[in-house]
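Participant: start_30.cif is reproduced in full below (mmCIF, C-alpha atoms).
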```cif
data_coords
#
loop_
_atom_site.label_atom_id
_atom_site.label_comp_id
_atom_site.auth_asym_id
_atom_site.auth_seq_id
_atom_site.Cartn_x
_atom_site.Cartn_y
_atom_site.Cartn_z
CA MET C 1222 115.17 60.50 198.30
CA ASP C 1223 118.03 60.63 200.82
CA THR C 1224 121.21 58.67 200.24
CA LEU C 1225 120.53 55.93 202.76
CA THR C 1226 116.96 55.39 201.62
CA ARG C 1227 117.99 55.35 197.96
CA ARG C 1228 120.81 52.92 198.76
CA ARG C 1229 118.48 50.57 200.61
CA PHE C 1230 115.95 50.75 197.77
CA LEU C 1231 118.55 49.79 195.21
CA ILE C 1232 119.96 47.05 197.40
CA ALA C 1233 116.52 45.60 198.04
CA SER C 1234 115.64 45.61 194.35
CA GLY C 1235 119.05 44.38 193.24
CA VAL C 1236 119.03 46.99 190.47
CA ALA C 1237 121.52 49.71 189.60
CA GLY C 1238 121.49 49.72 185.82
CA GLY C 1239 122.78 47.24 183.27
CA ALA C 1240 126.12 46.62 184.92
CA ALA C 1241 124.74 45.88 188.38
CA VAL C 1242 124.47 42.14 188.00
CA LEU C 1243 124.30 39.41 190.55
CA ALA C 1244 127.90 38.31 190.63
CA GLY C 1245 128.94 36.51 193.79
CA SER C 1246 128.93 36.81 197.54
CA ALA C 1247 132.68 37.24 197.94
CA ALA C 1248 135.26 39.38 196.20
CA ILE C 1249 138.68 38.61 194.79
CA GLY C 1250 141.10 41.01 193.16
CA TRP C 1251 143.49 40.43 190.29
CA ARG C 1252 146.53 40.50 192.59
CA ASP C 1253 144.99 37.81 194.79
CA LEU C 1254 144.07 35.69 191.78
CA ALA C 1255 147.41 36.18 190.06
CA GLY C 1256 149.25 35.23 193.25
CA HIS C 1257 147.11 32.12 193.67
CA ALA C 1258 147.56 31.19 190.02
CA ALA C 1259 151.35 31.63 190.31
CA ALA C 1260 151.53 29.48 193.43
CA ASN C 1261 148.92 26.90 192.48
CA PRO C 1262 147.51 27.51 188.98
CA LEU C 1263 144.85 25.41 187.37
CA PRO C 1264 146.89 22.28 186.61
CA SER C 1265 147.35 21.06 183.08
CA GLY C 1266 144.70 18.42 182.51
CA ALA C 1267 142.37 19.67 185.26
CA LYS C 1268 138.85 19.50 183.90
CA VAL C 1269 136.77 22.62 183.25
CA LEU C 1270 133.09 22.63 182.30
CA VAL C 1271 131.72 25.15 179.78
CA VAL C 1272 127.90 25.27 179.64
CA VAL C 1273 126.40 26.64 176.40
CA THR C 1274 122.68 27.45 176.62
CA LEU C 1275 120.74 27.77 173.35
CA TYR C 1276 117.76 29.93 174.27
CA GLY C 1277 114.46 29.58 172.44
CA GLY C 1278 114.04 25.84 172.05
CA ASN C 1279 116.28 24.49 169.31
CA ASP C 1280 114.71 22.12 166.76
CA GLY C 1281 116.65 18.93 167.44
CA LEU C 1282 115.29 17.07 164.42
CA ASN C 1283 116.82 19.61 162.06
CA THR C 1284 120.06 19.71 164.08
CA VAL C 1285 120.78 16.00 164.31
CA VAL C 1286 118.74 14.90 161.32
CA PRO C 1287 117.16 11.42 160.95
CA TYR C 1288 117.53 11.75 157.20
CA ALA C 1289 116.87 8.06 156.47
CA ASP C 1290 113.52 7.95 158.30
CA PRO C 1291 110.49 8.33 155.98
CA ALA C 1292 108.42 9.57 158.95
CA TYR C 1293 110.74 12.59 159.26
CA HIS C 1294 110.16 13.61 155.65
CA GLY C 1295 106.45 12.91 155.88
CA ALA C 1296 105.95 15.11 158.95
CA ARG C 1297 107.75 18.16 157.57
CA PRO C 1298 108.13 17.80 153.81
CA GLU C 1299 109.28 21.37 153.17
CA LEU C 1300 111.39 21.70 156.31
CA ALA C 1301 113.11 18.34 156.09
CA TYR C 1302 116.67 18.00 154.84
CA THR C 1303 117.35 15.42 152.18
CA ALA C 1304 120.02 12.77 152.45
CA ASP C 1305 122.13 14.79 150.02
CA GLU C 1306 121.88 17.97 152.09
CA VAL C 1307 122.87 16.70 155.53
CA ILE C 1308 126.39 15.94 156.71
CA ARG C 1309 126.04 12.20 157.21
CA LEU C 1310 127.48 10.78 160.42
CA ASP C 1311 126.10 7.25 160.07
CA PRO C 1312 123.52 5.48 157.88
CA GLN C 1313 120.63 7.02 159.84
CA LEU C 1314 121.70 10.37 161.29
CA GLY C 1315 123.47 13.46 160.01
CA LEU C 1316 124.15 17.05 161.03
CA ASN C 1317 122.52 20.21 159.75
CA PRO C 1318 124.37 21.51 156.66
CA ALA C 1319 125.58 24.53 158.67
CA MET C 1320 127.52 22.35 161.11
CA THR C 1321 130.60 21.46 159.07
CA GLY C 1322 133.03 22.34 161.84
CA LEU C 1323 131.27 20.25 164.45
CA ALA C 1324 131.01 17.36 161.99
CA ALA C 1325 134.80 17.49 161.80
CA GLN C 1326 134.99 17.46 165.61
CA PHE C 1327 132.70 14.41 165.68
CA ARG C 1328 134.91 12.57 163.23
CA SER C 1329 138.03 13.49 165.17
CA GLY C 1330 136.52 12.05 168.36
CA ARG C 1331 136.02 15.36 170.17
CA LEU C 1332 132.22 15.57 169.89
CA ALA C 1333 129.60 13.20 171.31
CA ILE C 1334 125.86 13.46 170.66
CA VAL C 1335 123.30 12.33 173.25
CA ASN C 1336 119.98 11.55 171.56
CA GLY C 1337 116.50 12.06 172.96
CA VAL C 1338 117.34 14.08 176.05
CA GLY C 1339 114.42 15.39 178.08
CA TYR C 1340 112.48 14.84 181.31
CA PRO C 1341 109.15 13.37 182.48
CA ASN C 1342 105.93 15.32 181.89
CA PRO C 1343 107.55 17.98 179.69
CA ASP C 1344 106.52 21.61 180.01
CA TYR C 1345 106.22 23.64 176.81
CA SER C 1346 106.67 27.08 178.38
CA HIS C 1347 110.07 28.61 177.64
CA PHE C 1348 110.33 29.95 181.17
CA ARG C 1349 109.27 26.86 183.07
CA SER C 1350 111.20 24.42 180.89
CA MET C 1351 114.37 26.51 181.08
CA ASP C 1352 113.86 26.71 184.84
CA ILE C 1353 113.66 22.91 184.94
CA TRP C 1354 116.85 22.47 182.93
CA GLN C 1355 118.74 25.08 184.96
CA THR C 1356 117.62 23.90 188.39
CA ALA C 1357 117.61 20.16 187.54
CA SER C 1358 114.25 19.85 189.29
CA PRO C 1359 111.48 18.61 186.94
CA ALA C 1360 108.98 17.79 189.68
CA GLU C 1361 108.74 21.13 191.48
CA PRO C 1362 110.22 24.64 191.30
CA VAL C 1363 113.28 25.26 193.45
CA GLY C 1364 115.25 28.41 194.12
CA THR C 1365 118.74 27.17 193.29
CA GLY C 1366 120.49 26.09 190.11
CA TRP C 1367 122.46 22.90 189.65
CA ILE C 1368 125.77 24.72 189.34
CA GLY C 1369 124.74 26.96 192.24
CA ARG C 1370 124.28 23.91 194.46
CA TRP C 1371 127.69 22.64 193.36
CA LEU C 1372 129.08 26.02 194.42
CA ASP C 1373 127.35 25.75 197.79
CA ALA C 1374 128.98 22.36 198.35
CA SER C 1375 132.48 23.05 197.05
CA GLY C 1376 133.96 26.06 198.82
CA ASP C 1377 133.92 29.83 198.83
CA ASP C 1378 136.20 31.02 195.99
CA PRO C 1379 134.06 33.52 194.03
CA VAL C 1380 135.61 32.61 190.67
CA ARG C 1381 134.97 28.86 190.82
CA ALA C 1382 132.14 29.54 188.36
CA VAL C 1383 131.88 32.49 185.98
CA ASN C 1384 129.03 33.54 183.74
CA VAL C 1385 130.31 35.39 180.68
CA GLY C 1386 127.56 37.95 180.27
CA SER C 1387 125.76 40.64 182.21
CA VAL C 1388 122.76 38.52 183.31
CA LEU C 1389 123.38 35.66 185.71
CA PRO C 1390 121.33 32.58 184.72
CA PRO C 1391 119.41 30.60 187.36
CA LEU C 1392 121.72 27.62 186.90
CA ALA C 1393 124.51 29.59 188.60
CA VAL C 1394 122.63 30.70 191.73
CA GLY C 1395 122.99 28.74 194.96
CA SER C 1396 121.53 29.27 198.39
CA ARG C 1397 124.81 30.63 199.77
CA CYS C 1398 126.99 31.21 196.72
CA THR C 1399 126.59 32.43 193.17
CA ALA C 1400 128.81 32.42 190.13
CA ALA C 1401 130.68 35.57 189.24
CA ALA C 1402 129.27 37.61 186.37
CA LEU C 1403 131.88 38.76 183.88
CA ASN C 1404 130.92 41.40 181.34
CA PRO C 1405 132.60 40.39 178.06
CA GLY C 1406 132.56 44.04 177.01
CA GLY C 1407 134.50 44.96 180.10
CA ASN C 1408 137.17 46.85 178.19
CA ARG C 1409 134.65 49.67 177.97
CA PRO C 1410 134.86 51.40 181.37
CA LEU C 1411 131.73 52.47 183.16
CA PRO C 1412 131.03 56.22 183.37
CA GLN C 1413 132.71 57.55 186.49
CA ASP C 1414 129.49 58.54 188.23
CA PHE C 1415 127.99 55.10 187.55
CA ALA C 1416 131.09 53.30 188.81
CA THR C 1417 131.10 55.50 191.90
CA GLY C 1418 127.46 54.62 192.50
CA LEU C 1419 128.18 50.89 192.31
CA THR C 1420 131.07 51.30 194.73
CA ALA C 1421 128.79 53.12 197.17
CA LEU C 1422 126.15 50.41 196.90
CA ALA C 1423 128.81 47.82 197.73
CA GLN C 1424 129.61 49.39 201.09
CA GLN C 1425 128.53 47.38 204.11
CA ASP C 1426 126.24 48.96 206.68
CA ARG C 1427 125.59 47.83 210.23
CA GLY C 1428 121.85 48.12 209.59
CA ASP C 1429 121.88 45.66 206.67
CA THR C 1430 119.76 42.54 206.93
CA PRO C 1431 121.40 39.24 205.86
CA GLN C 1432 119.69 39.61 202.48
CA ASP C 1433 121.01 43.17 202.13
CA ALA C 1434 124.49 41.93 202.99
CA MET C 1435 124.34 39.25 200.29
CA VAL C 1436 123.32 41.75 197.61
CA THR C 1437 125.93 44.34 198.66
CA GLY C 1438 128.45 41.50 198.48
CA CYS C 1439 127.32 40.89 194.92
CA TYR C 1440 127.93 44.54 194.04
CA ARG C 1441 131.41 44.32 195.55
CA ALA C 1442 132.12 41.18 193.59
CA GLU C 1443 130.96 42.76 190.32
CA ARG C 1444 133.58 45.47 190.72
CA GLU C 1445 136.28 43.06 191.88
CA VAL C 1446 135.58 40.43 189.22
CA ALA C 1447 135.74 43.09 186.50
CA ALA C 1448 139.17 44.08 187.79
CA THR C 1449 140.22 40.46 188.20
CA PHE C 1450 139.71 39.58 184.55
CA ALA C 1451 140.64 42.93 182.98
CA SER C 1452 144.27 41.91 182.53
CA ILE C 1453 143.45 38.94 180.34
CA ARG C 1454 140.77 40.49 178.15
CA PRO C 1455 141.74 41.25 174.57
CA ALA C 1456 141.28 44.63 173.01
CA ALA C 1457 137.68 45.17 171.94
CA THR C 1458 138.18 44.67 168.22
CA GLY C 1459 135.69 42.89 166.00
CA SER C 1460 133.91 40.04 167.74
CA VAL C 1461 136.92 39.04 169.84
CA GLY C 1462 136.07 39.48 173.48
CA GLY C 1463 132.60 40.75 172.53
CA ASP C 1464 129.09 39.81 173.54
CA ASP C 1465 128.45 37.25 170.77
CA LEU C 1466 129.12 33.56 171.28
CA ALA C 1467 132.53 33.67 169.59
CA GLY C 1468 133.52 36.55 171.85
CA GLN C 1469 132.22 34.78 174.96
CA LEU C 1470 134.16 31.61 174.14
CA ASP C 1471 137.26 33.65 173.28
CA THR C 1472 137.09 35.12 176.79
CA VAL C 1473 136.72 31.64 178.28
CA GLY C 1474 139.69 30.37 176.27
CA ARG C 1475 141.91 33.21 177.44
CA CYS C 1476 140.95 32.55 181.05
CA VAL C 1477 141.69 28.84 180.74
CA LYS C 1478 145.06 29.44 179.10
CA ALA C 1479 145.99 32.00 181.77
CA GLY C 1480 145.41 29.42 184.49
CA VAL C 1481 142.45 31.19 186.08
CA PRO C 1482 141.16 28.69 188.67
CA THR C 1483 137.59 28.66 187.36
CA ARG C 1484 135.98 25.25 186.99
CA VAL C 1485 132.69 26.25 185.32
CA TYR C 1486 131.94 28.87 182.66
CA ALA C 1487 128.46 29.68 181.33
CA VAL C 1488 127.81 31.26 177.91
CA ASP C 1489 124.74 31.48 175.71
CA LEU C 1490 123.27 31.97 172.25
CA GLY C 1491 119.64 32.95 171.59
CA GLY C 1492 117.35 33.07 168.58
CA PHE C 1493 116.09 29.47 168.38
CA ASP C 1494 112.34 30.07 168.80
CA THR C 1495 111.52 29.24 165.17
CA HIS C 1496 107.72 29.30 164.81
CA ALA C 1497 107.91 30.59 161.23
CA ASP C 1498 110.34 30.33 158.31
CA GLU C 1499 112.53 28.10 160.39
CA LYS C 1500 114.94 26.64 157.90
CA GLY C 1501 116.97 29.76 157.14
CA THR C 1502 116.81 31.17 160.67
CA GLN C 1503 117.89 28.00 162.39
CA GLN C 1504 120.60 27.32 159.85
CA THR C 1505 122.04 30.79 160.52
CA GLN C 1506 122.00 30.26 164.28
CA LEU C 1507 123.50 26.78 164.00
CA GLY C 1508 126.18 28.24 161.74
CA THR C 1509 127.01 30.75 164.47
CA LEU C 1510 127.21 27.94 167.01
CA ASP C 1511 129.29 25.81 164.66
CA THR C 1512 131.89 28.47 163.87
CA ALA C 1513 132.32 29.58 167.48
CA LEU C 1514 132.26 26.16 169.13
CA SER C 1515 134.35 24.22 166.64
CA SER C 1516 137.05 26.92 166.73
CA PHE C 1517 136.98 26.92 170.53
CA VAL C 1518 137.26 23.12 170.79
CA THR C 1519 140.21 23.11 168.36
CA ASP C 1520 141.90 25.94 170.25
CA MET C 1521 141.47 24.19 173.59
CA ALA C 1522 142.77 20.89 172.19
CA GLY C 1523 146.08 22.60 171.43
CA ASP C 1524 146.63 24.01 174.93
CA PRO C 1525 147.82 22.01 177.97
CA ARG C 1526 145.14 23.45 180.22
CA GLY C 1527 142.55 23.57 177.45
CA ARG C 1528 142.79 19.82 177.00
CA GLY C 1529 140.76 19.46 180.19
CA VAL C 1530 137.82 21.52 178.90
CA VAL C 1531 134.45 19.80 178.40
CA VAL C 1532 131.60 21.68 176.69
CA LEU C 1533 127.89 20.98 177.24
CA VAL C 1534 125.39 22.37 174.69
CA TYR C 1535 121.66 22.18 175.44
CA SER C 1536 118.36 23.98 174.84
CA GLU C 1537 115.22 24.14 176.99
CA PHE C 1538 113.23 21.86 174.69
CA GLY C 1539 113.06 20.59 171.13
CA ARG C 1540 110.21 21.21 168.69
CA ARG C 1541 107.17 19.25 167.58
CA VAL C 1542 107.77 16.65 164.90
CA ALA C 1543 105.34 18.09 162.36
CA ALA C 1544 105.85 21.47 160.73
CA ASN C 1545 103.22 24.14 161.31
CA ALA C 1546 101.43 26.18 158.64
CA SER C 1547 104.12 28.90 158.76
CA GLN C 1548 106.95 26.54 157.82
CA GLY C 1549 108.20 26.57 161.36
CA THR C 1550 107.84 24.27 164.34
CA ASP C 1551 106.12 24.74 167.67
CA HIS C 1552 107.34 23.95 171.16
CA GLY C 1553 108.15 20.28 171.65
CA SER C 1554 109.98 18.05 174.06
CA ALA C 1555 113.13 15.97 173.72
CA GLY C 1556 116.19 16.89 171.69
CA PRO C 1557 119.90 16.18 171.29
CA VAL C 1558 122.59 17.39 173.68
CA LEU C 1559 126.17 17.96 172.49
CA VAL C 1560 129.22 17.24 174.64
CA ALA C 1561 132.60 18.26 173.24
CA GLY C 1562 136.27 18.40 174.17
CA VAL C 1563 139.39 16.28 174.37
CA PRO C 1564 138.21 14.28 177.44
CA VAL C 1565 135.01 13.26 175.62
CA ARG C 1566 134.59 9.81 174.10
CA GLY C 1567 133.40 11.37 170.89
CA GLY C 1568 132.61 10.22 167.40
CA ARG C 1569 129.59 8.30 168.61
CA PHE C 1570 125.95 8.62 169.67
CA TYR C 1571 124.63 7.96 173.15
CA GLY C 1572 121.06 7.21 174.09
CA GLU C 1573 118.32 5.95 171.82
CA GLN C 1574 117.00 8.10 168.99
CA PRO C 1575 113.28 8.67 169.74
CA GLY C 1576 110.93 6.95 167.34
CA LEU C 1577 109.00 9.22 165.00
CA ASN C 1578 106.10 6.76 164.79
CA ASP C 1579 105.66 6.54 168.57
CA LEU C 1580 104.83 10.07 169.68
CA ASP C 1581 103.23 11.69 172.71
CA ASP C 1582 100.56 14.00 171.27
CA GLY C 1583 102.84 14.87 168.36
CA ASN C 1584 105.99 15.15 170.46
CA LEU C 1585 109.05 12.98 170.86
CA LYS C 1586 109.28 10.71 173.88
CA TYR C 1587 112.52 11.30 175.72
CA THR C 1588 114.93 8.38 176.07
CA VAL C 1589 117.62 9.98 178.30
CA ASP C 1590 116.86 12.04 181.40
CA PHE C 1591 118.91 15.24 181.22
CA ARG C 1592 119.99 14.72 184.84
CA THR C 1593 121.91 11.65 183.68
CA VAL C 1594 124.11 13.94 181.60
CA TYR C 1595 124.48 16.43 184.47
CA ALA C 1596 125.35 13.66 186.91
CA GLU C 1597 128.16 12.40 184.72
CA LEU C 1598 129.56 15.90 184.26
CA LEU C 1599 129.37 16.60 187.98
CA GLU C 1600 131.13 13.36 188.82
CA ARG C 1601 133.72 13.17 186.06
CA VAL C 1602 134.45 16.86 185.39
CA LEU C 1603 133.75 18.64 188.68
CA ASP C 1604 134.68 15.81 191.07
CA ALA C 1605 131.32 16.16 192.82
CA ASP C 1606 128.75 13.75 194.21
CA PRO C 1607 125.71 13.97 191.87
CA GLN C 1608 123.40 12.68 194.59
CA GLN C 1609 124.40 15.57 196.85
CA VAL C 1610 124.04 18.22 194.13
CA ILE C 1611 121.01 17.11 192.09
CA GLY C 1612 119.67 14.19 194.11
CA TYR C 1613 119.66 11.87 191.14
CA ALA C 1614 120.89 8.29 190.87
CA HIS C 1615 122.09 7.45 187.40
CA GLU C 1616 123.72 4.85 185.22
CA PRO C 1617 126.67 6.59 183.54
CA LEU C 1618 126.47 6.99 179.80
CA GLY C 1619 130.23 6.68 179.47
CA LEU C 1620 130.64 10.09 177.82
CA LEU C 1621 134.08 10.82 179.28
CA ALA C 1622 137.29 8.89 178.83
#
```
Now that the file is in, can you turn its structure into structure tokens?
Facilitator:
Amino acid sequence: MDTLTRRRFLIASGVAGGAAVLAGSAAIGWRDLAGHAAANPLPSGAKVLVVVTLYGGNDGLNTVVPYADPAYHGARPELAYTADEVIRLDPQLGLNPAMTGLAAQFRSGRLAIVNGVGYPNPDYSHFRSMDIWQTASPAEPVGTGWIGRWLDASGDDPVRAVNVGSVLPPLAVGSRCTAAALNPGGNRPLPQDFATGLTALAQQDRGDTPQDAMVTGCYRAEREVAATFASIRPAATGSVGGDDLAGQLDTVGRCVKAGVPTRVYAVDLGGFDTHADEKGTQQTQLGTLDTALSSFVTDMAGDPRGRGVVVLVYSEFGRRVAANASQGTDHGSAGPVLVAGVPVRGGRFYGEQPGLNDLDDGNLKYTVDFRTVYAELLERVLDADPQQVIGYAHEPLGLLA
């Protein structure tokens, strides 16, 4: 295959190995970013949104536990947590025993819990439901994510939104702009021949179609974004700066403290599809979330720029109320959403806890549309018009001070 044909094939497919990720349609170098940050850095108190996606469908009932409800114990007698096991937050609800750090954040007023979050006519497919959450379009599939549409409407700086990870989620893809993709393992340089290949793929050609030009721009941005953030990455030791959630959030924290003018970061944690032997698996995953997130929230609370950080934690759906025969739970509907940070009016619950005796074919009925949460974050954190970005009118929950 000749060079031009091979180049056009790779551009058209958007593939050039694991590091060739969709990153953004424009490029910015470290010198440009450092100069901008020196002249006009992210101001202390400016709000930054960190989106944490829990992939797999987290069991909300064993995360925020209705320990005082007999229907909860009756539906899952071996999976249910007793009143003595949970971390009680009020006379009805408590947190999973693995979530000691986040319980402390709740009590300190830096964590709010939104109960019963979902959408009409829930879909129980991982892929479709995650698509709904990431595009904010329950009624019909669309090709852009909710953060991507915010990017389309808010300018052309390629580091306004950054995904910490090598795969760009749909939430970060707009029609004209995408988030930058930052490899948290970026201290490990690419092999020279691979890096040279990416550089070649990034070259513009007069014969490129508009679609070709967008993808070549993404390749350029991948190289430039890697260079942009290299100066603030820690040495690759242990989990710091690594691919796990703690490493992802450590990278975000370093960027925030350095004054990088990014307004949205996306990170993720998988492993929540608990069809069998759920209790131990979920508790391990929630412990990972708890350690990483509670440390991050505390760290940000102690930094002038970090005090503007707001964290959203969600999953594509909850689980069915009743346990299955394998001591797990199957795909369900509504679940809790966590919102954390200094700007949050924490230490309280928002939305109505779904009733366990009023189910929809064994599933919880949602009480808060997830777009209500998004709308408030768009308006109060990103200074955006929710109607323009997600087309949704809402009554604010009052999550943010």
Participant: Grab the atom CA of C:Gly1567 to atom CA of C:Trp1354 distance for me, in Å with one decimal place.
Facilitator: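 Taking atom CA of C:Gly1567 and atom CA of C:Trp1354, their separation equals 23.3 Å.
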Participant: What is the distance between atom CA of C:Gln1326 and atom CA of C:Asp1524, in Å to one decimal?
Facilitator: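 Between these atoms lies a distance of 16.3 Å.
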Participant: Which polymer residues have any atom within 12 Å of an atom of C:Val1594, counting only C-alpha atoms, with same-chain residues fewer than 6 positions away left out, as number ranges by chain?
Facilitator: C: 1333-1340, 1354, 1357, 1532-1535, 1557-1560, 1571-1572, 1600-1602, 1607, 1611, 1613-1621
Participant: Going by the chain IDs and residue numbers used in this file, which residues fall under the PyMOL selection byres ((chain C and resi 1286) around 12)? Write them as a PyMOL selection string.
Facilitator: chain C and resi 1280-1285+1287-1294+1300-1318+1320+1334+1336+1542+1556-1557+1574-1575+1577
Participant: Evaluate the PyMOL selection byres ((chain C and resi 1547) around 12) on the structure here and hand back the selected residues as a list of chain:residue names.
Facilitator: C:Arg1297, C:Glu1299, C:Leu1300, C:Thr1495, C:His1496, C:Ala1497, C:Asp1498, C:Glu1499, C:Lys1500, C:Ala1543, C:Ala1544, C:Asn1545, C:Ala1546, C:Gln1548, C:Gly1549, C:Thr1550, C:Asp1551
Participant: Applying 6 Å and all atoms listed in the file, which residues near C:Thr1399 remain after dropping the ones on its own chain fewer than 3 positions away? List them as a PDB file with C-alpha atoms, in the frame of the given file.
Facilitator:
```pdb
ATOM      1  CA  GLY C1245     128.940  36.510 193.790  1.00  0.00           C
ATOM      2  CA  GLY C1369     124.740  26.960 192.240  1.00  0.00           C
ATOM      3  CA  ALA C1393     124.510  29.590 188.600  1.00  0.00           C
ATOM      4  CA  VAL C1394     122.630  30.700 191.730  1.00  0.00           C
ATOM      5  CA  GLY C1395     122.990  28.740 194.960  1.00  0.00           C
TER       6      GLY C1395
END
```
Participant: Which residue out of C:Gln1506, C:Trp1371, C:Ala1622, C:Val1272 has the minimum interatomic distance to C:Gln1469 when only C-alpha atoms are used?
Facilitator: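 Using only C-alpha atoms, C:Gln1469 sits closest to C:Val1272.
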Participant: For this file, the PyMOL selection byres ((chain C and resi 1586) around 12) selects which residues, as an MDAnalysis selection string?
Facilitator: chainID C and resid 1336:1343 1538:1542 1553:1556 1573:1585 1587:1590
Participant: Just to confirm, what's the straight-line distance from atom CA of C:Val1383 to atom CA of C:Val1485 in Å (one decimal)?
Facilitator: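 Result for atom CA of C:Val1383 versus atom CA of C:Val1485: 6.3 Å, one decimal.
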Participant: Between C:Pro1298, C:Gly1612, C:Pro1359, C:Pro1390, which residue has the minimum interatomic distance to C:Val1488, considering all atoms listed in the file?
Facilitator: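 Among the listed residues, C:Pro1390 lies closest to C:Val1488.
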